[in-house]
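See below for query_33.pdb, which holds PDB, C-alpha atoms.
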```
ATOM      1  CA  MET D   1       0.000   0.000   0.000
ATOM      2  CA  ARG D   2       2.844   2.363   0.907
ATOM      3  CA  PHE D   3       4.547   1.603  -2.398
ATOM      4  CA  PHE D   4       1.333   2.316  -4.293
ATOM      5  CA  LEU D   5       0.831   5.674  -2.552
ATOM      6  CA  LEU D   6       4.465   6.634  -3.122
ATOM      7  CA  ALA D   7       4.201   5.754  -6.812
ATOM      8  CA  LEU D   8       0.976   7.729  -7.101
ATOM      9  CA  CYS D   9       2.544  10.791  -5.486
ATOM     10  CA  LEU D  10       5.621  10.585  -7.673
ATOM     11  CA  THR D  11       3.458  10.265 -10.762
ATOM     12  CA  ALA D  12       1.378  13.284  -9.812
ATOM     13  CA  PHE D  13       4.539  15.232  -8.978
ATOM     14  CA  SER D  14       6.167  14.400 -12.295
ATOM     15  CA  VAL D  15       3.019  15.271 -14.259
ATOM     16  CA  GLY D  16       2.837  18.639 -12.513
ATOM     17  CA  LEU D  17       6.428  19.398 -13.361
ATOM     18  CA  TRP D  18       6.031  18.168 -16.924
ATOM     19  CA  ALA D  19       3.101  20.518 -17.351
ATOM     20  CA  ASP D  20       5.462  23.471 -16.881
ATOM     21  CA  CYS D  21       7.596  22.421 -19.855
ATOM     22  CA  PRO D  22       6.883  23.276 -23.486
ATOM     23  CA  ASP D  23       5.631  20.179 -25.304
ATOM     24  CA  TYR D  24       7.593  20.438 -28.536
ATOM     25  CA  THR D  25       7.201  16.757 -29.424
ATOM     26  CA  THR D  26       3.462  16.094 -29.639
ATOM     27  CA  PRO D  27       2.400  18.832 -32.111
ATOM     28  CA  SER D  28       5.443  18.041 -34.250
ATOM     29  CA  ASN D  29       4.263  14.475 -34.755
ATOM     30  CA  PRO D  30       0.538  14.584 -35.493
ATOM     31  CA  PRO D  31      -1.324  11.428 -36.529
ATOM     32  CA  ALA D  32      -2.799  10.884 -39.976
ATOM     33  CA  PHE D  33      -5.328  13.556 -40.875
ATOM     34  CA  SER D  34      -8.629  12.981 -42.653
ATOM     35  CA  LYS D  35      -9.766  15.985 -44.660
ATOM     36  CA  PRO D  36     -13.403  17.073 -44.613
ATOM     37  CA  THR D  37     -15.668  16.456 -47.579
ATOM     38  CA  LYS D  38     -14.908  18.804 -50.438
ATOM     39  CA  ARG D  39     -17.877  20.887 -51.543
ATOM     40  CA  SER D  40     -18.212  23.660 -54.079
ATOM     41  CA  PHE D  41     -17.327  27.176 -53.023
ATOM     42  CA  ARG D  42     -20.344  29.165 -51.931
ATOM     43  CA  ASN D  43     -19.396  31.991 -54.319
ATOM     44  CA  PHE D  44     -18.530  31.194 -57.931
ATOM     45  CA  GLY D  45     -15.902  33.948 -58.023
ATOM     46  CA  ASN D  46     -13.934  32.093 -55.381
ATOM     47  CA  THR D  47     -13.900  28.984 -57.564
ATOM     48  CA  ILE D  48     -12.098  31.017 -60.213
ATOM     49  CA  LEU D  49      -9.825  32.602 -57.603
ATOM     50  CA  ALA D  50      -8.725  29.249 -56.187
ATOM     51  CA  GLY D  51      -8.272  27.827 -59.680
ATOM     52  CA  LEU D  52      -5.967  30.608 -60.825
ATOM     53  CA  TYR D  53      -3.847  31.380 -57.769
ATOM     54  CA  VAL D  54      -1.786  29.632 -55.121
ATOM     55  CA  PRO D  55      -3.207  29.731 -51.569
ATOM     56  CA  TYR D  56      -1.337  31.920 -49.097
ATOM     57  CA  HIS D  57      -3.330  31.111 -45.986
ATOM     58  CA  MET D  58      -2.004  31.537 -42.462
ATOM     59  CA  VAL D  59      -3.010  30.843 -38.877
ATOM     60  CA  TYR D  60      -1.760  33.153 -36.133
ATOM     61  CA  ASP D  61       0.102  31.239 -33.422
ATOM     62  CA  THR D  62      -1.459  31.911 -30.031
ATOM     63  CA  ILE D  63      -0.214  31.609 -26.474
ATOM     64  CA  VAL D  64      -2.546  31.848 -23.490
ATOM     65  CA  LYS D  65      -2.350  31.452 -19.740
ATOM     66  CA  SER D  66      -3.412  28.105 -18.306
ATOM     67  CA  GLY D  67      -7.111  28.102 -17.487
ATOM     68  CA  SER D  68      -7.911  30.747 -20.100
ATOM     69  CA  ASN D  69     -10.196  30.313 -23.073
ATOM     70  CA  ALA D  70      -8.220  30.178 -26.329
ATOM     71  CA  THR D  71      -9.189  31.596 -29.702
ATOM     72  CA  MET D  72      -7.158  31.554 -32.904
ATOM     73  CA  VAL D  73      -7.417  33.662 -36.026
ATOM     74  CA  GLY D  74      -7.035  32.228 -39.526
ATOM     75  CA  LYS D  75      -6.474  34.416 -42.572
ATOM     76  CA  PHE D  76      -7.271  33.004 -46.028
ATOM     77  CA  ASP D  77      -6.142  34.538 -49.304
ATOM     78  CA  TYR D  78      -4.694  33.609 -52.683
ATOM     79  CA  ASP D  79      -1.642  34.709 -54.682
ATOM     80  CA  ALA D  80       1.776  35.729 -53.388
ATOM     81  CA  VAL D  81       1.454  39.257 -54.759
ATOM     82  CA  PHE D  82      -2.202  40.322 -54.661
ATOM     83  CA  HIS D  83      -3.296  38.301 -51.613
ATOM     84  CA  LYS D  84      -6.941  38.326 -52.659
ATOM     85  CA  ASP D  85      -9.073  37.578 -49.598
ATOM     86  CA  LEU D  86     -11.304  34.508 -49.558
ATOM     87  CA  GLU D  87     -14.630  35.952 -48.453
ATOM     88  CA  GLY D  88     -17.787  34.190 -47.292
ATOM     89  CA  GLU D  89     -16.466  30.621 -47.420
ATOM     90  CA  TYR D  90     -16.547  27.704 -44.978
ATOM     91  CA  ILE D  91     -13.431  26.755 -43.004
ATOM     92  CA  HIS D  92     -13.177  23.556 -40.960
ATOM     93  CA  VAL D  93     -10.999  23.687 -37.829
ATOM     94  CA  TYR D  94      -9.233  20.777 -36.110
ATOM     95  CA  ILE D  95      -6.852  20.510 -33.155
ATOM     96  CA  TYR D  96      -4.303  17.950 -31.967
ATOM     97  CA  GLY D  97      -1.752  18.114 -29.182
ATOM     98  CA  THR D  98      -1.013  17.542 -25.513
ATOM     99  CA  ALA D  99      -3.421  15.117 -23.821
ATOM    100  CA  LEU D 100      -5.325  14.438 -27.064
ATOM    101  CA  SER D 101      -5.352  10.966 -28.590
ATOM    102  CA  GLY D 102      -6.092  12.182 -32.113
ATOM    103  CA  TRP D 103      -7.360  15.055 -34.215
ATOM    104  CA  THR D 104     -10.417  16.701 -32.653
ATOM    105  CA  TYR D 105     -12.952  18.587 -34.725
ATOM    106  CA  VAL D 106     -13.538  22.118 -33.431
ATOM    107  CA  GLY D 107     -16.167  23.365 -35.861
ATOM    108  CA  ARG D 108     -17.026  25.106 -39.121
ATOM    109  CA  TYR D 109     -16.590  28.854 -39.541
ATOM    110  CA  THR D 110     -17.296  31.358 -42.318
ATOM    111  CA  THR D 111     -14.664  33.850 -43.484
ATOM    112  CA  ASN D 112     -15.511  37.529 -43.146
ATOM    113  CA  GLY D 113     -14.811  40.371 -45.571
ATOM    114  CA  ASP D 114     -11.102  40.239 -44.706
ATOM    115  CA  GLY D 115     -10.872  36.505 -45.342
ATOM    116  CA  LYS D 116     -10.586  35.811 -41.614
ATOM    117  CA  ILE D 117     -12.162  33.523 -39.066
ATOM    118  CA  THR D 118     -11.797  33.394 -35.281
ATOM    119  CA  ALA D 119     -12.018  29.844 -33.961
ATOM    120  CA  ASN D 120     -13.010  29.189 -30.349
ATOM    121  CA  LEU D 121     -10.770  26.416 -29.019
ATOM    122  CA  GLY D 122     -12.061  26.474 -25.457
ATOM    123  CA  ILE D 123      -9.997  25.881 -22.321
ATOM    124  CA  ARG D 124      -7.217  23.409 -23.023
ATOM    125  CA  ALA D 125      -4.801  21.553 -20.774
ATOM    126  CA  THR D 126      -1.393  23.119 -20.261
ATOM    127  CA  GLY D 127       0.705  22.125 -23.258
ATOM    128  CA  ASP D 128       1.073  22.666 -26.990
ATOM    129  CA  TYR D 129      -1.244  22.035 -29.923
ATOM    130  CA  ILE D 130      -1.291  22.158 -33.703
ATOM    131  CA  VAL D 131      -4.436  23.721 -35.157
ATOM    132  CA  ARG D 132      -5.344  22.943 -38.771
ATOM    133  CA  MET D 133      -7.792  25.049 -40.744
ATOM    134  CA  VAL D 134      -9.114  23.622 -44.028
ATOM    135  CA  VAL D 135     -10.969  25.479 -46.798
ATOM    136  CA  GLU D 136     -14.059  23.457 -47.709
ATOM    137  CA  GLY D 137     -14.070  24.602 -51.352
ATOM    138  CA  ASP D 138     -10.624  23.285 -52.384
ATOM    139  CA  LEU D 139      -9.284  21.555 -49.230
ATOM    140  CA  SER D 140      -6.281  23.884 -49.080
ATOM    141  CA  SER D 141      -5.171  24.398 -45.493
ATOM    142  CA  ALA D 142      -2.897  26.162 -43.049
ATOM    143  CA  ASP D 143      -1.504  25.196 -39.645
ATOM    144  CA  GLY D 144      -0.924  27.274 -36.561
ATOM    145  CA  TYR D 145       0.163  26.482 -33.008
ATOM    146  CA  LEU D 146      -1.493  27.017 -29.663
ATOM    147  CA  THR D 147       0.535  27.136 -26.463
ATOM    148  CA  VAL D 148      -1.150  26.992 -23.069
ATOM    149  CA  ALA D 149       1.447  28.021 -20.494
ATOM    150  CA  ASP D 150       1.623  28.174 -16.732
ATOM    151  CA  PRO D 151       2.628  31.562 -15.286
ATOM    152  CA  GLY D 152       6.362  31.844 -14.721
ATOM    153  CA  ARG D 153       7.376  29.784 -17.740
ATOM    154  CA  GLN D 154      10.848  30.944 -18.718
ATOM    155  CA  THR D 155      11.002  32.280 -22.243
ATOM    156  CA  VAL D 156      13.600  33.398 -24.791
ATOM    157  CA  LEU D 157      12.497  35.918 -27.408
ATOM    158  CA  PHE D 158      13.984  36.271 -30.901
ATOM    159  CA  ASP D 159      13.514  38.822 -33.641
ATOM    160  CA  VAL D 160      13.979  37.254 -37.110
ATOM    161  CA  ASP D 161      15.271  39.612 -39.824
ATOM    162  CA  GLY D 162      18.798  40.795 -39.146
ATOM    163  CA  THR D 163      18.805  38.776 -35.921
ATOM    164  CA  LEU D 164      18.494  35.171 -37.073
ATOM    165  CA  THR D 165      18.944  36.051 -40.759
ATOM    166  CA  THR D 166      22.149  37.836 -41.711
ATOM    167  CA  ASN D 167      20.435  41.117 -42.628
ATOM    168  CA  ASP D 168      17.059  42.824 -42.812
ATOM    169  CA  PHE D 169      16.798  42.347 -46.576
ATOM    170  CA  GLU D 170      17.100  38.553 -46.637
ATOM    171  CA  ALA D 171      13.325  38.248 -46.250
ATOM    172  CA  LEU D 172      12.734  40.075 -49.518
ATOM    173  CA  ALA D 173      14.938  37.714 -51.512
ATOM    174  CA  ASP D 174      13.406  34.745 -49.735
ATOM    175  CA  TYR D 175       9.854  35.942 -50.445
ATOM    176  CA  ALA D 176      10.672  36.686 -54.103
ATOM    177  CA  GLY D 177      12.066  33.174 -54.534
ATOM    178  CA  ILE D 178      15.491  34.473 -55.490
ATOM    179  CA  LYS D 179      17.256  32.611 -52.698
ATOM    180  CA  ILE D 180      16.704  31.073 -49.298
ATOM    181  CA  ALA D 181      17.564  33.598 -46.602
ATOM    182  CA  ASP D 182      20.896  32.967 -44.907
ATOM    183  CA  ALA D 183      20.972  32.409 -41.152
ATOM    184  CA  TYR D 184      23.779  33.674 -38.970
ATOM    185  CA  HIS D 185      26.403  31.061 -38.176
ATOM    186  CA  TYR D 186      25.263  29.207 -35.038
ATOM    187  CA  ALA D 187      21.910  31.010 -34.908
ATOM    188  CA  PRO D 188      19.932  27.750 -35.309
ATOM    189  CA  GLU D 189      22.134  26.049 -32.708
ATOM    190  CA  THR D 190      21.448  28.911 -30.307
ATOM    191  CA  VAL D 191      17.683  28.652 -30.747
ATOM    192  CA  ASN D 192      17.714  24.868 -30.435
ATOM    193  CA  ALA D 193      19.930  24.912 -27.356
ATOM    194  CA  TYR D 194      17.395  27.018 -25.483
ATOM    195  CA  ARG D 195      14.606  24.771 -26.715
ATOM    196  CA  ASN D 196      16.452  21.675 -25.521
ATOM    197  CA  LYS D 197      16.989  23.285 -22.122
ATOM    198  CA  GLY D 198      13.231  23.628 -21.712
ATOM    199  CA  TYR D 199      12.721  27.304 -22.509
ATOM    200  CA  GLN D 200       9.693  28.619 -24.367
ATOM    201  CA  ILE D 201      10.826  30.029 -27.718
ATOM    202  CA  ILE D 202       8.974  32.964 -29.259
ATOM    203  CA  TYR D 203       9.787  34.584 -32.598
ATOM    204  CA  LEU D 204       8.537  38.171 -32.549
ATOM    205  CA  THR D 205       9.046  39.712 -35.977
ATOM    206  CA  GLY D 206       8.190  42.834 -37.905
ATOM    207  CA  ARG D 207       7.486  40.729 -40.988
ATOM    208  CA  PRO D 208       3.916  41.303 -42.235
ATOM    209  CA  TYR D 209       1.404  38.513 -41.757
ATOM    210  CA  TRP D 210       1.235  37.591 -45.451
ATOM    211  CA  ASN D 211       4.867  36.468 -45.307
ATOM    212  CA  THR D 212       4.013  33.750 -42.791
ATOM    213  CA  LYS D 213       3.779  30.877 -45.303
ATOM    214  CA  ASP D 214       7.317  31.490 -46.572
ATOM    215  CA  THR D 215       8.716  32.084 -43.107
ATOM    216  CA  ARG D 216       7.235  28.852 -41.772
ATOM    217  CA  GLU D 217       9.033  27.029 -44.597
ATOM    218  CA  TRP D 218      12.293  28.862 -43.842
ATOM    219  CA  PHE D 219      12.634  27.771 -40.214
ATOM    220  CA  PRO D 220      12.772  23.991 -40.832
ATOM    221  CA  SER D 221      15.056  24.572 -43.840
ATOM    222  CA  LYS D 222      17.576  25.880 -41.293
ATOM    223  CA  GLY D 223      16.880  23.201 -38.698
ATOM    224  CA  MET D 224      14.502  25.145 -36.425
ATOM    225  CA  LYS D 225      10.863  24.644 -35.530
ATOM    226  CA  SER D 226       8.602  27.376 -36.863
ATOM    227  CA  TRP D 227       6.638  28.172 -33.718
ATOM    228  CA  HIS D 228       5.701  30.150 -31.612
ATOM    229  CA  TYR D 229       5.763  32.700 -34.488
ATOM    230  CA  HIS D 230       4.167  36.127 -34.188
ATOM    231  CA  PRO D 231       4.216  38.442 -37.254
ATOM    232  CA  SER D 232       2.835  41.940 -37.558
ATOM    233  CA  SER D 233      -0.889  42.117 -38.274
ATOM    234  CA  ASP D 234      -0.247  45.214 -40.391
ATOM    235  CA  TYR D 235      -0.102  44.592 -44.147
ATOM    236  CA  LEU D 236       3.211  46.443 -44.518
ATOM    237  CA  GLY D 237       4.611  45.517 -41.125
ATOM    238  CA  ALA D 238       4.443  49.131 -39.929
ATOM    239  CA  ASN D 239       4.686  50.472 -36.362
ATOM    240  CA  VAL D 240       7.048  47.649 -35.449
ATOM    241  CA  GLN D 241       8.253  49.103 -32.169
ATOM    242  CA  ALA D 242       4.786  49.710 -30.727
ATOM    243  CA  TYR D 243       3.441  46.360 -31.893
ATOM    244  CA  LYS D 244       6.382  44.475 -30.361
ATOM    245  CA  THR D 245       6.043  46.339 -27.068
ATOM    246  CA  ASP D 246       2.323  45.563 -26.933
ATOM    247  CA  TYR D 247       2.916  41.867 -27.523
ATOM    248  CA  ILE D 248       5.703  41.673 -24.941
ATOM    249  CA  ASN D 249       3.373  43.304 -22.407
ATOM    250  CA  TYR D 250       0.734  40.707 -23.256
ATOM    251  CA  LEU D 251       3.222  37.851 -22.799
ATOM    252  CA  ARG D 252       4.516  39.171 -19.481
ATOM    253  CA  ASN D 253       1.407  40.672 -17.904
ATOM    254  CA  THR D 254      -1.449  38.543 -19.243
ATOM    255  CA  VAL D 255       0.137  35.147 -19.898
ATOM    256  CA  GLY D 256       2.661  35.563 -17.091
ATOM    257  CA  LEU D 257       5.765  34.468 -19.013
ATOM    258  CA  ASP D 258       9.199  35.174 -17.560
ATOM    259  CA  ILE D 259      11.239  36.498 -20.507
ATOM    260  CA  ILE D 260      14.796  35.842 -19.408
ATOM    261  CA  ARG D 261      16.488  36.980 -22.655
ATOM    262  CA  ALA D 262      15.581  38.836 -25.829
ATOM    263  CA  TYR D 263      17.557  38.934 -29.082
ATOM    264  CA  GLY D 264      17.395  41.620 -31.741
ATOM    265  CA  ASN D 265      19.406  43.782 -34.118
ATOM    266  CA  ALA D 266      17.594  47.073 -34.604
ATOM    267  CA  THR D 267      17.110  50.189 -32.518
ATOM    268  CA  THR D 268      13.382  49.444 -32.634
ATOM    269  CA  ASP D 269      14.128  46.114 -30.936
ATOM    270  CA  ILE D 270      16.120  47.871 -28.216
ATOM    271  CA  ALA D 271      13.330  50.372 -27.610
ATOM    272  CA  ALA D 272      10.529  47.798 -27.741
ATOM    273  CA  TYR D 273      12.256  45.401 -25.343
ATOM    274  CA  ALA D 274      13.002  48.204 -22.879
ATOM    275  CA  ALA D 275       9.431  49.511 -23.029
ATOM    276  CA  GLY D 276       8.216  45.959 -22.467
ATOM    277  CA  GLY D 277      10.189  45.709 -19.245
ATOM    278  CA  ILE D 278      13.070  43.511 -20.433
ATOM    279  CA  PRO D 279      16.324  44.667 -18.754
ATOM    280  CA  LYS D 280      19.226  45.797 -20.939
ATOM    281  CA  SER D 281      21.338  43.171 -19.166
ATOM    282  CA  ASN D 282      19.118  40.516 -20.764
ATOM    283  CA  THR D 283      18.890  42.201 -24.178
ATOM    284  CA  TRP D 284      21.343  40.791 -26.723
ATOM    285  CA  ILE D 285      21.880  42.715 -29.947
ATOM    286  CA  ILE D 286      23.748  41.538 -33.044
ATOM    287  CA  GLY D 287      24.946  43.630 -35.994
ATOM    288  CA  GLU D 288      25.769  47.306 -36.214
ATOM    289  CA  ASN D 289      23.723  48.200 -33.124
ATOM    290  CA  ALA D 290      25.361  45.581 -30.898
ATOM    291  CA  GLY D 291      26.012  46.970 -27.424
ATOM    292  CA  LYS D 292      24.160  50.235 -28.001
ATOM    293  CA  GLU D 293      22.205  51.872 -25.190
ATOM    294  CA  GLY D 294      23.607  49.494 -22.599
ATOM    295  CA  THR D 295      22.556  46.277 -24.355
ATOM    296  CA  GLN D 296      24.697  43.139 -24.544
ATOM    297  CA  SER D 297      26.792  42.712 -27.671
ATOM    298  CA  ILE D 298      27.019  39.770 -30.075
ATOM    299  CA  THR D 299      29.829  40.381 -32.535
ATOM    300  CA  GLY D 300      30.208  38.728 -35.934
ATOM    301  CA  ASN D 301      27.959  35.705 -35.497
ATOM    302  CA  TYR D 302      26.602  33.470 -32.745
ATOM    303  CA  SER D 303      29.490  31.012 -32.459
ATOM    304  CA  LEU D 304      31.240  32.627 -29.466
ATOM    305  CA  HIS D 305      27.938  33.514 -27.804
ATOM    306  CA  TYR D 306      26.702  29.961 -28.265
ATOM    307  CA  ASN D 307      29.840  28.394 -26.804
ATOM    308  CA  THR D 308      29.969  30.710 -23.793
ATOM    309  CA  VAL D 309      26.699  32.351 -22.747
ATOM    310  CA  VAL D 310      24.268  29.780 -24.146
ATOM    311  CA  ALA D 311      26.379  26.772 -23.194
ATOM    312  CA  SER D 312      26.606  27.962 -19.604
ATOM    313  CA  THR D 313      22.873  28.683 -19.341
ATOM    314  CA  PRO D 314      21.272  26.097 -17.055
ATOM    315  CA  GLN D 315      18.167  24.074 -17.730
ATOM    316  CA  SER D 316      15.082  26.218 -17.382
ATOM    317  CA  SER D 317      14.098  26.359 -13.715
ATOM    318  CA  SER D 318      10.405  26.318 -14.724
ATOM    319  CA  CYS D 319      10.848  23.028 -16.619
ATOM    320  CA  TYR D 320      12.039  19.741 -15.144
TER     321      TYR D 320
END
```

Can I see the file as structure tokens?
Amino acid sequence: MRFFLLALCLTAFSVGLWADCPDYTTPSNPPAFSKPTKRSFRNFGNTILAGLYVPYHMVYDTIVKSGSNATMVGKFDYDAVFHKDLEGEYIHVYIYGTALSGWTYVGRYTTNGDGKITANLGIRATGDYIVRMVVEGDLSSADGYLTVADPGRQTVLFDVDGTLTTNDFEALADYAGIKIADAYHYAPETVNAYRNKGYQIIYLTGRPYWNTKDTREWFPSKGMKSWHYHPSSDYLGANVQAYKTDYINYLRNTVGLDIIRAYGNATTDIAAYAAGGIPKSNTWIIGENAGKEGTQSITGNYSLHYNTVVASTPQSSSCY
């Protein structure tokens, strides 16, 4: 009897601790997916649209505090240049992840005049989930990720352009199909080291939302997972500093994340991180602005930083 009670307590203890860790494994390995029944588009013009252009759909990754109701926004459009919104069409939403045995159907939604839906995912167990949204008219789809985090989860924040990529213009060449954007030497190893140590990774970028499809393909091409990814909701990626500050405040004050380090390259990153309450001692800047305004400097590339600062960083204290 004593052995049984001890085993039960240890199991409960380990589950509680596990719940504080990001679950990077489950959403990365979803089971086979059965698409919904394909039916004609509700509007004939959308049949022509989908027949002529490539889908450029996206789902905004979302992170919420444990015990909170989760919603996720999907944006559906076609063509890499014009991004013509898919209006008034049915979207089927599914979820799979922590504590789920298979894909679960969430419901059917109708896109609004901006080609968007907002799916209600309810209150989910602490963990990570992949959310798949499927267009009924042509069965094209997009995936996004939901994270449900306990307060205090230790987090590392990364900008993308000029921080993980070698300059701010790599995204343009990548988007135009001219080349695949180059990553800084040891940038992927730096990201993955934090992930392996149990830290929550968040990519907070000034890239506009319509670049999400290409960016999600870029991360795995460089050996990194593509989530949690948060682009600007502005079409041109404007007001970057204010938007980043607002999101950092949401992560810290509403979700309760403990952002232990933030990486960037631009003066807007420095200002946004400071306004969001991240100390300069925990703000690491690479490139021509490295070390400015009391920030920490990364010179050249990430190799030295990876082998010193990152290597000596302990396992996340919020994840066992």

Can you pull out the residues contacting Ala275 (chain D)? Cut-off 10 Å, using all atoms listed in the file, and skip same-chain residues under 3 positions away; I want them as an mmCIF file with C-alpha atoms, in the coordinates of the input.
```cif
data_model
loop_
_atom_site.group_PDB
_atom_site.id
_atom_site.type_symbol
_atom_site.label_atom_id
_atom_site.label_comp_id
_atom_site.auth_asym_id
_atom_site.auth_seq_id
_atom_site.Cartn_x
_atom_site.Cartn_y
_atom_site.Cartn_z
ATOM 1 C CA GLN D 241 8.253 49.103 -32.169
ATOM 2 C CA ALA D 242 4.786 49.710 -30.727
ATOM 3 C CA LYS D 244 6.382 44.475 -30.361
ATOM 4 C CA THR D 245 6.043 46.339 -27.068
ATOM 5 C CA ASP D 246 2.323 45.563 -26.933
ATOM 6 C CA ILE D 248 5.703 41.673 -24.941
ATOM 7 C CA ASN D 249 3.373 43.304 -22.407
ATOM 8 C CA ASP D 269 14.128 46.114 -30.936
ATOM 9 C CA ILE D 270 16.120 47.871 -28.216
ATOM 10 C CA ALA D 271 13.330 50.372 -27.610
ATOM 11 C CA ALA D 272 10.529 47.798 -27.741
ATOM 12 C CA ILE D 278 13.070 43.511 -20.433
ATOM 13 C CA PRO D 279 16.324 44.667 -18.754
#
```

Could you make a table, as a tab-separated table, of the residues of region 116-228 of chain D that have an atom within 7 Å of an atom of region 49-64 of chain D, each with its nearest atom pair and distance in Å to one decimal, counting only C-alpha atoms, in chain and number order?
```
residue	atom	partner	partner_atom	distance
D:Ser141	CA	D:His57	CA	7.0
D:Ala142	CA	D:Met58	CA	5.5
D:Asp143	CA	D:Val59	CA	5.9
D:Gly144	CA	D:Val59	CA	4.7
D:Tyr145	CA	D:Asp61	CA	4.8
D:Leu146	CA	D:Thr62	CA	4.9
D:Thr147	CA	D:Ile63	CA	4.5
D:Val148	CA	D:Val64	CA	5.1
D:Ala149	CA	D:Val64	CA	6.3
D:Thr212	CA	D:Met58	CA	6.4
D:Lys213	CA	D:Tyr56	CA	6.5
D:His228	CA	D:Asp61	CA	6.0
```

So how many Å separate CA of Tyr263 (chain D) and CA of Asp214 (chain D), to one decimal?
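Answer for the CA of Tyr263 (chain D) to CA of Asp214 (chain D) separation: 21.6 Å.
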
I need the output of the PyMOL selection byres ((chain D and resi 131) around 7) for this file as a CSV table (one decimal) with C-alpha atoms, keeping the file's coordinate frame; which residues are they?
```csv
chain,number,residue,atom,x,y,z
D,94,TYR,CA,-9.2,20.8,-36.1
D,95,ILE,CA,-6.9,20.5,-33.2
D,96,TYR,CA,-4.3,18.0,-32.0
D,129,TYR,CA,-1.2,22.0,-29.9
D,130,ILE,CA,-1.3,22.2,-33.7
D,132,ARG,CA,-5.3,22.9,-38.8
D,133,MET,CA,-7.8,25.0,-40.7
D,143,ASP,CA,-1.5,25.2,-39.6
D,144,GLY,CA,-0.9,27.3,-36.6
D,145,TYR,CA,0.2,26.5,-33.0
```

Padding 6 Å on each side, edges along x, y and z: where is the centre of the box around the listed atoms of region 260-264 of chain D, and how long are its edges in Å to one decimal? Output it as JSON.
```
{"center_x": 16.2, "center_y": 38.7, "center_z": -25.6, "size_x": 14.8, "size_y": 17.8, "size_z": 24.3}
```

Would you write out, as a VMD selection string, every residue that the PyMOL selection byres ((chain D and resi 280) around 6) captures in this file?
chain D and resid 279 281 to 283 294 to 295

Near-region 37-40 of chain D list (12 Å; all atoms listed in the file; drop same-chain fewer than 5 positions) as a ChimeraX atom specification
/D:45-48,50,89-92,134-140

Please measure the separation of CA of Lys75 (chain D) and CA of Tyr243 (chain D), giving the value in Å to one decimal.
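Between these atoms lies a distance of 18.8 Å.
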
Using only C-alpha atoms, which residue out of D:Arg124, D:Asp79, D:Ala311, D:Gly277 lies closest to Val191 (chain D)?
D:Ala311

Set the distance at 7 Å and use all atoms listed in the file: which residues neighbour Tyr229 (chain D) once local chain neighbours fewer than 5 positions away are removed? I'd like the list as number ranges by chain.
D: 61, 202-204

What is the distance, in Å and to one decimal place, between CA of Val160 (chain D) and CA of Asp258 (chain D)?
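Straight-line distance from CA of Val160 (chain D) to CA of Asp258 (chain D) works out to 20.2 Å.
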
Residues at most 7 Å from Ile298 (chain D), counting all atoms listed in the file, excluding those fewer than 5 positions away in the same chain, as a PyMOL selection string?
chain D and resi 284-286+290+305

Go ahead and write the residues just picked, C-alpha atoms, as a tab-separated table (two decimals), in the coordinates of the input.
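New file part.tsv:
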```tsv
chain	number	residue	atom	x	y	z
D	284	TRP	CA	21.34	40.79	-26.72
D	285	ILE	CA	21.88	42.72	-29.95
D	286	ILE	CA	23.75	41.54	-33.04
D	290	ALA	CA	25.36	45.58	-30.90
D	305	HIS	CA	27.94	33.51	-27.80
```

Considering only C-alpha atoms, can you say which of D:Pro27, D:Gly223, D:Gly152, D:Gly291 comes closest to Thr190 (chain D)?
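The shortest atom-to-atom distance to Thr190 (chain D) comes from D:Gly223.
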
List, as a list in words, every residue that the PyMOL selection byres ((chain D and resi 30-32) around 9) selects in the file provided.
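Selection result, ordered by chain and number: Thr26, Pro27, Ser28, Asn29, Phe33, Ser34, Tyr96, Gly97, Ser101, Gly102, Trp103 and Ile130 of chain D.
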
Write the selection just made, keeping C-alpha atoms, as a PDB file, in the coordinates of the input?
```pdb
ATOM      1  CA  THR D  26       3.462  16.094 -29.639  1.00  0.00           C
ATOM      2  CA  PRO D  27       2.400  18.832 -32.111  1.00  0.00           C
ATOM      3  CA  SER D  28       5.443  18.041 -34.250  1.00  0.00           C
ATOM      4  CA  ASN D  29       4.263  14.475 -34.755  1.00  0.00           C
ATOM      5  CA  PHE D  33      -5.328  13.556 -40.875  1.00  0.00           C
ATOM      6  CA  SER D  34      -8.629  12.981 -42.653  1.00  0.00           C
ATOM      7  CA  TYR D  96      -4.303  17.950 -31.967  1.00  0.00           C
ATOM      8  CA  GLY D  97      -1.752  18.114 -29.182  1.00  0.00           C
ATOM      9  CA  SER D 101      -5.352  10.966 -28.590  1.00  0.00           C
ATOM     10  CA  GLY D 102      -6.092  12.182 -32.113  1.00  0.00           C
ATOM     11  CA  TRP D 103      -7.360  15.055 -34.215  1.00  0.00           C
ATOM     12  CA  ILE D 130      -1.291  22.158 -33.703  1.00  0.00           C
TER      13      ILE D 130
END
```

At a cut-off of 9 Å, can you tabulate as a tab-separated table every residue of region 235-294 of chain D near region 154-157 of chain D together with its closest atom pair and the distance in Å to one decimal, using all atoms listed in the file and ordering rows by chain then number?
```
residue	atom	partner	partner_atom	distance
D:Leu257	CA	D:Gln154	CA	6.2
D:Asp258	CA	D:Gln154	CA	4.7
D:Ile259	CA	D:Thr155	CA	4.6
D:Ile260	CA	D:Thr155	CA	5.9
D:Arg261	CA	D:Val156	CA	5.1
D:Ala262	CA	D:Leu157	CA	4.5
D:Tyr263	CA	D:Leu157	CA	6.1
D:Gly264	CA	D:Leu157	CA	8.7
```

Between D:Arg42, D:Tyr105, D:Val240, D:Val255, single out the one closest to Asn69 (chain D), counting all atoms listed in the file.
D:Val255

Which polymer residues, whether protein, DNA or RNA, lie within 12 Å of the coordinate (26.1, 33.9, -47.1) when you count all atoms listed in the file? List them as a PyMOL selection string, using the chain letters and numbers from the file.
chain D and resi 165-167+170+179-185+301
